[in-house]
Each structure stands twice: as C-alpha cells, then as structure tokens.
Amino acid sequence: MCVFCKIVNKEIPAKVVYEDDKVMAFHDINPQAPVHILVIPKEHIPTVNDLEEKHKELIGHIFMVIKKIAKEMGIAESGYRVLVNCNRDGGQEIYHLHFHLLGGAPLGPMVCR
Ligand code: 5GP
Ligand code: ZN
C-alpha cells in the first residue's frame with residue numbers, strides 16, 4: 001500500500017486539516033512554504049495520467065476543498081499556488097495523486113529548474 005493510502009487508513013499519522021468521504025488534506029512532512037498542505041483523493045489514483053471521466057466531479061470537489069482550506073489558513077487574500085507533479089520529469093515522488101497547496105509568503109516565479 002502506498003504511503004498516502006496508509007495516511008488515509010490512519011496506519012501512519014499525519015496532521016490532518018480536512019477530511020470527508022472522498023478527500024483528505026494534511027500538512028506536508030517537509031514543507032516548502034509557511035503553508036504547505038497536500039490535498040488527496042482517498043481513492044488511489046497514481047498520477048494525472050490515470051484520471052478518467054468518472055473522476056471529473058472528484059477533481060472539482062478537490063478544488064472546492066483547496067479553496068476552503070486556503071481561506072481557513074488565512075492565505076486566500078494574500079495568495080497561494082496549487083501544484084501537481086506528474087511522473088519523473090514532473091518530480092513526482094509519491095505515486096498517489098496529490099495537490100500541493102503552498103502559500104504564506106511570496107513564492108516567486110514559477111520554477112522550471
Ligand atoms: P511529489 O514530489 O510526489 O509531488 O510530492 C510528495 C510530497 O509528499 C513531498 O512534498 C513530501 O514532502 C511529502 N511526503 C512524503 N512522505 C510523506 C509523509 O509520510 N507524510 C506527509 N505528510 N508528507 C509526505
Ligand atoms: Zn495510494
């Protein structure tokens with residue numbers, strides 16, 4: 001079982017900030033900004049490449065959750081970045097789809113390298 005499925009199953013701990021029947025959100029273990037939350041579907045979807053038509057509502061729901069968390073974390077007005085890495089060139093380390101929510105300080109320009 002992958003590490004994020006283990007977090008979903010509460011087999012390993014995480015600082016959870018949001019949970020419902022479809023989605024979970026928790027603090028990144030190695031934060032890259034003052035606010036760094038990972039928002040994941042509970043379903044094990046490895047990468048963006050594995051998304052199907054049936055996931056459209058789930059992805060929309062994830063963005064509504066991101067919006068809610070950004071407000072709760074106090075970064076909605078100041079701003080934030082939502083980031084998804086895919087496969088090797090995207091720098092994906094955990095092969096369970098996740099959305100990085102980063103903010104709390106100016107993040108600088110989009111970085112390619
Ligand atoms: P990726 O590079 O796959 O887009 O991002 C994976 C993220 O998961 C990294 O930012 C990393 O710090 C985070 N991460 C890896 N293992 C764990 C863990 O066990 N718990 C938490 N909370 N975050 C993790
Ligand atoms: Zn998984």
# chains A, B, ... in the order shown; residues from 1 in each chain; ligands from 1
call {"tool": "residues_around", "arguments": {"residues": "stretch 24-40 of chain A", "least_positions_apart": "2", "cutoff": "8 Å", "atoms": "only C-alpha atoms", "output": "PyMOL selection string"}}
result
chain A and resi 8+14-20+22+42+62+66+73+96-105+107
call {"tool": "closest_atom_pairs", "arguments": {"of": "chain A", "to": "ligand 2", "cutoff": "6 Å", "atoms": "only C-alpha atoms and all ligand atoms", "output": "Markdown table"}}
result
| residue | atom | partner | partner_atom_place_in_ligand_line | distance |
| --- | --- | --- | --- | --- |
| A:Cys2 | CA | ligand 2 | 1 (Zn) | 4.5 |
| A:Phe4 | CA | ligand 2 | 1 (Zn) | 5.0 |
| A:Cys5 | CA | ligand 2 | 1 (Zn) | 3.9 |
| A:His44 | CA | ligand 2 | 1 (Zn) | 4.1 |
| A:His96 | CA | ligand 2 | 1 (Zn) | 4.6 |
call {"tool": "write_last_selection", "arguments": {"atoms": "N, CA and C atoms", "output": "CSV table (one decimal), in the first residue's frame"}}
result
chain,number,residue,atom,x,y,z
A,2,CYS,N,0.5,2.3,-0.7
A,2,CYS,CA,1.3,3.5,-0.8
A,2,CYS,C,1.2,4.3,0.5
A,4,PHE,N,0.4,7.4,1.0
A,4,PHE,CA,-0.8,8.2,1.2
A,4,PHE,C,-2.0,7.4,1.5
A,5,CYS,N,-2.1,6.2,0.9
A,5,CYS,CA,-3.2,5.2,1.3
A,5,CYS,C,-3.0,4.9,2.8
A,44,HIS,N,-7.0,5.6,-4.6
A,44,HIS,CA,-5.6,5.5,-5.1
A,44,HIS,C,-5.6,5.7,-6.6
A,96,HIS,N,0.5,8.7,-5.7
A,96,HIS,CA,-0.9,8.8,-5.3
A,96,HIS,C,-1.2,10.2,-5.5
call {"tool": "select_by_dssp", "arguments": {"residues": "chain A", "states": "strand (DSSP E or B)", "output": "list of chain:residue names"}}
result
A:Val16, A:Val17, A:Tyr18, A:Glu19, A:Val23, A:Met24, A:Ala25, A:Phe26, A:His27, A:Val35, A:His36, A:Ile37, A:Leu38, A:Val39, A:Ile40, A:Pro41, A:Tyr80, A:Arg81, A:Val82, A:Leu83, A:Phe99, A:His100, A:Leu101, A:Leu102, A:Gly103
call {"tool": "select_by_dssp", "arguments": {"residues": "stretch 5-109 of chain A", "states": "alpha helix (DSSP H)", "output": "list in words"}}
result
Cys5, Lys6, Ile7, Val8, Lys56, Glu57, Leu58, Ile59, Gly60, His61, Ile62, Phe63, Met64, Val65, Ile66, Lys67, Lys68, Ile69, Ala70, Lys71, Glu72, Asn87, Arg88, Asp89 and Gly90 of chain A
call {"tool": "write_last_selection", "arguments": {"atoms": "N, CA, C and O atoms", "output": "tab-separated table (two decimals), in the first residue's frame"}}
result
chain	number	residue	atom	x	y	z
A	5	CYS	N	-2.08	6.16	0.91
A	5	CYS	CA	-3.16	5.24	1.29
A	5	CYS	C	-3.05	4.87	2.76
A	5	CYS	O	-4.06	4.73	3.45
A	6	LYS	N	-1.82	4.75	3.24
A	6	LYS	CA	-1.61	4.45	4.66
A	6	LYS	C	-2.08	5.61	5.55
A	6	LYS	O	-2.62	5.40	6.63
A	7	ILE	N	-1.88	6.83	5.07
A	7	ILE	CA	-2.38	8.00	5.81
A	7	ILE	C	-3.91	7.99	5.80
A	7	ILE	O	-4.56	8.22	6.83
A	8	VAL	N	-4.50	7.69	4.63
A	8	VAL	CA	-5.98	7.60	4.53
A	8	VAL	C	-6.51	6.56	5.51
A	8	VAL	O	-7.51	6.79	6.20
A	56	LYS	N	-14.20	13.38	-12.83
A	56	LYS	CA	-14.38	14.82	-13.06
A	56	LYS	C	-14.97	15.53	-11.84
A	56	LYS	O	-14.51	16.60	-11.43
A	57	GLU	N	-15.98	14.92	-11.24
A	57	GLU	CA	-16.62	15.55	-10.08
A	57	GLU	C	-15.66	15.58	-8.88
A	57	GLU	O	-15.61	16.57	-8.14
A	58	LEU	N	-14.91	14.51	-8.73
A	58	LEU	CA	-13.92	14.43	-7.64
A	58	LEU	C	-12.90	15.57	-7.76
A	58	LEU	O	-12.57	16.22	-6.75
A	59	ILE	N	-12.40	15.79	-8.95
A	59	ILE	CA	-11.39	16.84	-9.14
A	59	ILE	C	-11.99	18.22	-8.87
A	59	ILE	O	-11.35	19.07	-8.24
A	60	GLY	N	-13.22	18.43	-9.29
A	60	GLY	CA	-13.90	19.69	-8.98
A	60	GLY	C	-14.06	19.85	-7.48
A	60	GLY	O	-13.82	20.94	-6.93
A	61	HIS	N	-14.41	18.78	-6.81
A	61	HIS	CA	-14.58	18.81	-5.35
A	61	HIS	C	-13.25	19.13	-4.66
A	61	HIS	O	-13.21	19.91	-3.71
A	62	ILE	N	-12.17	18.55	-5.16
A	62	ILE	CA	-10.85	18.82	-4.58
A	62	ILE	C	-10.54	20.31	-4.62
A	62	ILE	O	-10.04	20.88	-3.66
A	63	PHE	N	-10.89	20.96	-5.72
A	63	PHE	CA	-10.61	22.41	-5.80
A	63	PHE	C	-11.49	23.21	-4.85
A	63	PHE	O	-11.05	24.23	-4.30
A	64	MET	N	-12.69	22.75	-4.60
A	64	MET	CA	-13.53	23.43	-3.60
A	64	MET	C	-12.93	23.26	-2.20
A	64	MET	O	-12.97	24.19	-1.38
A	65	VAL	N	-12.34	22.09	-1.95
A	65	VAL	CA	-11.67	21.84	-0.66
A	65	VAL	C	-10.43	22.73	-0.55
A	65	VAL	O	-10.17	23.32	0.51
A	66	ILE	N	-9.67	22.83	-1.64
A	66	ILE	CA	-8.48	23.69	-1.64
A	66	ILE	C	-8.86	25.12	-1.30
A	66	ILE	O	-8.22	25.78	-0.46
A	67	LYS	N	-9.92	25.60	-1.93
A	67	LYS	CA	-10.38	26.98	-1.69
A	67	LYS	C	-10.75	27.18	-0.22
A	67	LYS	O	-10.37	28.19	0.40
A	68	LYS	N	-11.44	26.21	0.35
A	68	LYS	CA	-11.86	26.29	1.76
A	68	LYS	C	-10.65	26.30	2.70
A	68	LYS	O	-10.58	27.10	3.64
A	69	ILE	N	-9.69	25.41	2.43
A	69	ILE	CA	-8.50	25.33	3.29
A	69	ILE	C	-7.69	26.62	3.18
A	69	ILE	O	-7.19	27.14	4.19
A	70	ALA	N	-7.55	27.14	1.97
A	70	ALA	CA	-6.79	28.39	1.78
A	70	ALA	C	-7.39	29.50	2.62
A	70	ALA	O	-6.67	30.27	3.27
A	71	LYS	N	-8.70	29.56	2.66
A	71	LYS	CA	-9.37	30.59	3.47
A	71	LYS	C	-9.10	30.34	4.95
A	71	LYS	O	-8.73	31.28	5.69
A	72	GLU	N	-9.24	29.10	5.38
A	72	GLU	CA	-9.03	28.76	6.80
A	72	GLU	C	-7.59	29.03	7.24
A	72	GLU	O	-7.34	29.38	8.38
A	87	ASN	N	4.84	12.16	-12.80
A	87	ASN	CA	5.93	11.29	-13.31
A	87	ASN	C	7.32	11.90	-13.13
A	87	ASN	O	7.49	12.90	-12.42
A	88	ARG	N	8.31	11.32	-13.74
A	88	ARG	CA	9.72	11.65	-13.48
A	88	ARG	C	10.04	13.10	-13.74
A	88	ARG	O	10.57	13.79	-12.86
A	89	ASP	N	9.74	13.58	-14.94
A	89	ASP	CA	10.13	14.95	-15.28
A	89	ASP	C	9.38	15.98	-14.44
A	89	ASP	O	9.86	17.10	-14.24
A	90	GLY	N	8.20	15.60	-13.96
A	90	GLY	CA	7.43	16.48	-13.07
A	90	GLY	C	7.91	16.43	-11.63
A	90	GLY	O	7.43	17.18	-10.79
call {"tool": "atom_distance", "arguments": {"atom1": "atom CA of A:Met110", "atom2": "atom CA of A:Val82"}}
result
11.2 Å
call {"tool": "closest_residue", "arguments": {"among": "A:Pro41, A:Pro46, A:Pro106, A:Gly79", "to": "ligand 1", "atoms": "only C-alpha atoms and all ligand atoms"}}
result
A:Pro46
call {"tool": "closest_residue", "arguments": {"among": "A:Cys86, A:Ile94, A:Ile75, A:Ile12", "to": "ligand 1", "atoms": "only C-alpha atoms and all ligand atoms"}}
result
A:Ile94
call {"tool": "closest_residue", "arguments": {"among": "A:Glu43, A:Lys54, A:Glu93, A:Tyr80", "to": "ligand 1", "atoms": "only C-alpha atoms and all ligand atoms"}}
result
A:Glu93
